[in-house]
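Have a look at start-v1.txt below; it lists compact mmCIF, C-alpha atoms.
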# COMPACT_ATOMS: atom_id res chain seq x y z
CA MET A 263 -2.81 -22.58 24.61
CA ALA A 264 0.73 -23.69 25.37
CA ALA A 265 3.25 -21.08 26.50
CA ASP A 266 5.34 -21.72 23.36
CA TYR A 267 2.41 -21.26 20.99
CA PRO A 268 2.84 -19.79 18.46
CA GLN A 269 6.42 -20.69 17.64
CA THR A 270 8.34 -17.41 17.86
CA ARG A 271 11.69 -16.76 16.21
CA LEU A 272 13.83 -13.67 15.73
CA ASP A 273 15.56 -13.83 12.34
CA PRO A 274 19.14 -12.71 12.98
CA ARG A 275 19.73 -12.15 9.25
CA TYR A 276 17.38 -9.17 9.28
CA SER A 277 17.74 -8.01 12.89
CA ASP A 278 20.25 -5.86 14.72
CA PRO A 279 22.47 -7.79 17.13
CA GLN A 280 20.76 -6.20 20.17
CA ALA A 281 17.22 -6.92 18.92
CA THR A 282 14.93 -9.39 20.66
CA ALA A 283 11.88 -11.23 19.37
CA THR A 284 8.63 -9.37 19.85
CA ALA A 285 6.14 -11.15 22.10
CA TRP A 286 3.06 -12.47 20.31
CA SER A 287 0.87 -10.60 22.81
CA GLU A 288 2.35 -7.29 21.56
CA ALA A 289 1.71 -8.19 17.92
CA GLU A 290 -1.82 -9.31 18.75
CA ALA A 291 -2.51 -6.00 20.50
CA GLN A 292 -1.30 -4.11 17.43
CA LEU A 293 -3.57 -6.20 15.18
CA ALA A 294 -6.50 -5.32 17.43
CA ARG A 295 -5.69 -1.58 17.37
CA ALA A 296 -4.86 -1.19 13.68
CA GLU A 297 -7.49 0.69 11.72
CA LEU A 298 -6.34 -0.01 8.17
CA PHE A 299 -5.04 -3.18 6.55
CA TRP A 300 -3.93 -3.95 3.00
CA ILE A 301 -5.26 -7.26 1.68
CA SER A 302 -3.56 -9.18 -1.10
CA THR A 303 -5.52 -11.81 -3.02
CA VAL A 304 -4.84 -13.70 -6.24
CA ARG A 305 -6.92 -13.19 -9.37
CA PRO A 306 -8.05 -16.31 -11.25
CA ASP A 307 -5.37 -15.61 -13.90
CA GLY A 308 -2.65 -15.52 -11.19
CA ARG A 309 -2.13 -11.75 -11.03
CA PRO A 310 -2.11 -10.16 -7.57
CA HIS A 311 -4.81 -7.81 -6.33
CA VAL A 312 -4.16 -5.45 -3.39
CA THR A 313 -6.62 -3.07 -1.72
CA PRO A 314 -7.02 -1.33 1.66
CA LEU A 315 -9.80 -2.24 4.08
CA PRO A 316 -10.75 -2.13 7.76
CA ALA A 317 -10.55 -5.34 9.75
CA VAL A 318 -11.37 -6.59 13.23
CA TRP A 319 -9.16 -8.91 15.32
CA ALA A 320 -11.38 -11.31 17.29
CA ASP A 321 -10.86 -14.78 18.73
CA GLY A 322 -7.40 -15.25 17.23
CA ALA A 323 -8.27 -14.19 13.68
CA LEU A 324 -8.59 -11.12 11.48
CA HIS A 325 -12.04 -10.51 10.02
CA PHE A 326 -12.90 -8.39 7.00
CA CYS A 327 -15.92 -7.92 4.79
CA THR A 328 -16.43 -7.36 1.07
CA GLY A 329 -19.32 -7.20 -1.33
CA PRO A 330 -19.97 -10.46 -3.19
CA GLU A 331 -19.30 -8.76 -6.55
CA GLU A 332 -16.05 -7.06 -5.48
CA ARG A 333 -12.78 -8.26 -6.97
CA LYS A 334 -11.46 -9.69 -3.69
CA ALA A 335 -14.62 -11.79 -3.16
CA LYS A 336 -14.33 -13.16 -6.69
CA ASN A 337 -10.64 -13.90 -6.12
CA LEU A 338 -11.38 -15.69 -2.83
CA ALA A 339 -13.95 -17.91 -4.56
CA ALA A 340 -11.07 -19.35 -6.60
CA ASP A 341 -8.16 -19.12 -4.11
CA ARG A 342 -8.57 -18.58 -0.35
CA HIS A 343 -4.91 -17.66 0.29
CA VAL A 344 -4.52 -14.08 1.51
CA VAL A 345 -1.98 -11.74 3.04
CA LEU A 346 -3.07 -8.85 5.27
CA THR A 347 -0.56 -6.15 6.22
CA THR A 348 -0.65 -3.21 8.61
CA GLY A 349 1.83 -0.83 10.16
CA SER A 350 3.29 2.56 9.41
CA ASN A 351 4.70 4.18 6.29
CA SER A 352 7.84 5.32 8.08
CA TRP A 353 11.20 3.83 7.21
CA ASN A 354 12.90 4.06 10.59
CA LYS A 355 10.15 3.98 13.23
CA GLY A 356 7.12 1.89 14.02
CA TYR A 357 6.24 -1.74 13.57
CA ASP A 358 4.77 -3.54 10.55
CA LEU A 359 2.87 -6.83 10.57
CA VAL A 360 2.23 -9.26 7.71
CA VAL A 361 -0.41 -11.95 8.33
CA GLU A 362 -0.54 -14.97 6.01
CA GLY A 363 -3.50 -17.37 6.03
CA GLU A 364 -6.64 -18.58 4.32
CA ALA A 365 -9.89 -16.62 4.22
CA VAL A 366 -12.88 -18.65 5.41
CA ARG A 367 -16.36 -17.23 4.97
CA VAL A 368 -18.34 -16.62 8.17
CA SER A 369 -22.05 -17.14 7.50
CA GLU A 370 -23.62 -18.10 10.84
CA ASP A 371 -25.89 -15.22 11.85
CA GLY A 372 -25.07 -15.43 15.58
CA ARG A 373 -21.34 -15.12 14.92
CA LEU A 374 -21.98 -12.36 12.38
CA ARG A 375 -23.93 -10.38 15.01
CA GLU A 376 -20.92 -10.63 17.35
CA LEU A 377 -18.61 -9.41 14.59
CA ALA A 378 -20.99 -6.61 13.60
CA ALA A 379 -20.91 -5.37 17.20
CA ALA A 380 -17.09 -5.55 17.15
CA TRP A 381 -16.97 -3.51 13.91
CA GLU A 382 -19.19 -0.80 15.35
CA ALA A 383 -17.28 -0.73 18.66
CA LYS A 384 -13.99 -0.27 16.80
CA TYR A 385 -14.98 2.00 13.91
CA GLY A 386 -18.14 3.80 15.09
CA SER A 387 -21.73 3.99 13.92
CA PHE A 388 -20.83 4.46 10.25
CA TRP A 389 -19.89 0.78 10.33
CA HIS A 390 -23.24 -0.39 11.74
CA PHE A 391 -24.29 -3.61 10.02
CA GLU A 392 -27.58 -5.49 10.03
CA VAL A 393 -27.18 -9.27 9.87
CA ARG A 394 -29.39 -11.56 7.83
CA ASP A 395 -29.08 -14.46 5.43
CA GLY A 396 -25.44 -15.13 6.36
CA ALA A 397 -24.13 -11.65 5.47
CA PHE A 398 -23.70 -8.08 6.66
CA HIS A 399 -26.14 -5.53 5.22
CA HIS A 400 -25.42 -1.79 5.11
CA GLY A 401 -26.79 1.02 2.98
CA GLY A 402 -28.73 -1.25 0.67
CA GLY A 403 -25.85 -3.58 -0.09
CA SER A 404 -24.63 -6.85 1.34
CA ALA A 405 -21.15 -7.98 2.32
CA PHE A 406 -19.64 -11.37 2.93
CA VAL A 407 -17.51 -11.68 6.07
CA PHE A 408 -14.27 -13.64 6.08
CA SER A 409 -12.06 -14.87 8.90
CA VAL A 410 -8.30 -15.30 8.51
CA ALA A 411 -6.62 -17.35 11.23
CA PRO A 412 -2.89 -16.71 10.88
CA ARG A 413 -0.63 -19.47 9.63
CA THR A 414 2.49 -17.29 9.70
CA VAL A 415 2.91 -13.71 10.86
CA PHE A 416 5.98 -11.55 10.29
CA GLY A 417 6.76 -8.52 12.44
CA PHE A 418 9.20 -5.85 11.31
CA GLY A 419 10.62 -3.50 13.92
CA LYS A 420 11.90 -0.33 12.26
CA GLY A 421 14.50 1.97 13.73
CA GLU A 422 16.93 1.17 16.48
CA PRO A 423 16.93 -1.76 16.77
CA PHE A 424 15.67 -3.14 13.47
CA SER A 425 14.17 -6.60 13.90
CA GLN A 426 12.22 -9.33 12.16
CA THR A 427 10.13 -11.72 14.24
CA ARG A 428 8.24 -14.68 12.79
CA TRP A 429 5.36 -16.45 14.48
CA ARG A 430 4.21 -19.83 13.12
CA PHE A 431 0.85 -21.33 14.02
CA GLU A 432 1.13 -24.65 12.18

What would the structure in this file look like if it were written as structure tokens?
Amino acid sequence: MAADYPQTRLDPRYSDPQATATAWSEAEAQLARAELFWISTVRPDGRPHVTPLPAVWADGALHFCTGPEERKAKNLAADRHVVLTTGSNSWNKGYDLVVEGEAVRVSEDGRLRELAAAWEAKYGSFWHFEVRDGAFHHGGGSAFVFSVAPRTVFGFGKGEPFSQTRWRFE
């Protein structure tokens, strides 16, 4: 990966004069540590749908799972565009991230086993998944797994100094 990848830019319109762009490595570390994300999908009639979920950062992408009959899975069948957000609920401290991309289903059992191990390592044994037939299985139900490689990520530094960094991967 080139040293300038992704393209990183501090937006001076929304940043204090003394602010600097956040390094992608810092944002990536926060994505890996974050326990809760909010996912936004689009219903077939165009209305938004937002719900919280856990996710795992692995190999340059966020991964989440959902039951095949859940609203977000149905939405993704019609429109793969998603936004995942994480951060803090404080106004003047912390750092928020907004990840834009397309959700691609992961169905190869070997890759799913790797992701199942990552889920359990991050969230504990409650999130233990069996893998078969291209899906996670847990407690009698199945879940599809999706990968979201970022197209654009926005980072919002809150407090002194306020900042907005954008990373583009296109």

Taking a cut-off of 12 Å and counting all atoms listed in the file, can you build a table that, for each residue of segment 278-380 of chain A near segment 395-400 of chain A, reports the nearest atom pair and how far apart they are in Å (one decimal), sorted by chain then residue number, as JSON lines?
{"residue": "A:Phe326", "atom": "CA", "partner": "A:Phe398", "partner_atom": "CA", "distance": 10.8}
{"residue": "A:Cys327", "atom": "CA", "partner": "A:Phe398", "partner_atom": "CA", "distance": 8.0}
{"residue": "A:Thr328", "atom": "CA", "partner": "A:Phe398", "partner_atom": "CA", "distance": 9.2}
{"residue": "A:Gly329", "atom": "CA", "partner": "A:Phe398", "partner_atom": "CA", "distance": 9.2}
{"residue": "A:Pro330", "atom": "CA", "partner": "A:Ala397", "partner_atom": "CA", "distance": 9.7}
{"residue": "A:Arg367", "atom": "CA", "partner": "A:Gly396", "partner_atom": "CA", "distance": 9.4}
{"residue": "A:Val368", "atom": "CA", "partner": "A:Gly396", "partner_atom": "CA", "distance": 7.5}
{"residue": "A:Ser369", "atom": "CA", "partner": "A:Gly396", "partner_atom": "CA", "distance": 4.1}
{"residue": "A:Glu370", "atom": "CA", "partner": "A:Gly396", "partner_atom": "CA", "distance": 5.7}
{"residue": "A:Asp371", "atom": "CA", "partner": "A:Gly396", "partner_atom": "CA", "distance": 5.5}
{"residue": "A:Gly372", "atom": "CA", "partner": "A:Gly396", "partner_atom": "CA", "distance": 9.2}
{"residue": "A:Arg373", "atom": "CA", "partner": "A:Gly396", "partner_atom": "CA", "distance": 9.5}
{"residue": "A:Leu374", "atom": "CA", "partner": "A:Ala397", "partner_atom": "CA", "distance": 7.3}
{"residue": "A:Arg375", "atom": "CA", "partner": "A:Phe398", "partner_atom": "CA", "distance": 8.7}
{"residue": "A:Glu376", "atom": "CA", "partner": "A:Phe398", "partner_atom": "CA", "distance": 11.3}
{"residue": "A:Leu377", "atom": "CA", "partner": "A:Phe398", "partner_atom": "CA", "distance": 9.5}
{"residue": "A:Ala378", "atom": "CA", "partner": "A:Phe398", "partner_atom": "CA", "distance": 7.6}
{"residue": "A:Ala379", "atom": "CA", "partner": "A:Phe398", "partner_atom": "CA", "distance": 11.2}

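Of the listed residues (A:Phe418, A:Phe388, A:Phe408, A:Trp286), A:Phe418 comes nearest to Thr347 of chain A; the distances count only C-alpha atoms.
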
Selection near Leu346 of chain A, 9 Å with all atoms listed in the file, sequence-local residues under 3 positions removed, as a ChimeraX atom specification | /A:299-302,324,359-363,410

May I have the residues from that selection written out with C-alpha atoms, as a JSON list (two decimals), keeping the file's coordinate frame?
[["chain", "number", "residue", "atom", "x", "y", "z"],
["A", 299, "PHE", "CA", -5.04, -3.18, 6.55],
["A", 300, "TRP", "CA", -3.93, -3.95, 3.00],
["A", 301, "ILE", "CA", -5.26, -7.26, 1.68],
["A", 302, "SER", "CA", -3.56, -9.18, -1.10],
["A", 324, "LEU", "CA", -8.59, -11.12, 11.48],
["A", 359, "LEU", "CA", 2.87, -6.83, 10.57],
["A", 360, "VAL", "CA", 2.23, -9.26, 7.71],
["A", 361, "VAL", "CA", -0.41, -11.95, 8.33],
["A", 362, "GLU", "CA", -0.54, -14.97, 6.01],
["A", 363, "GLY", "CA", -3.50, -17.37, 6.03],
["A", 410, "VAL", "CA", -8.30, -15.30, 8.51]]

Could you work out how far atom CA of Tyr385 of chain A lies from atom CA of Gly417 of chain A, giving the answer in Å with one decimal?
-> 24.2 Å

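Taking only C-alpha atoms into account, Glu290 of chain A lies nearest to A:Asp358 out of the set A:Asp278, A:Glu432, A:Asp358, A:Glu364.
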
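The nearest approach to Phe391 of chain A among the residues A:Ala405, A:Ala335, A:Val345, A:Leu293, with all atoms listed in the file taken into account, belongs to A:Ala405.
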
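Between Gln426 of chain A and the candidates A:Gln292, A:Asn351, A:Ser409, A:Thr282, the tightest atom-to-atom separation, counting only C-alpha atoms, involves A:Thr282.
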
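Of the listed residues A:Phe424, A:Tyr357, A:Tyr267, A:Trp429, the one whose atoms come nearest to Pro412 of chain A is A:Trp429, with distances taken using only C-alpha atoms.
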
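Atom CA of His343 of chain A sits 11.1 Å away from atom CA of Ala411 of chain A.
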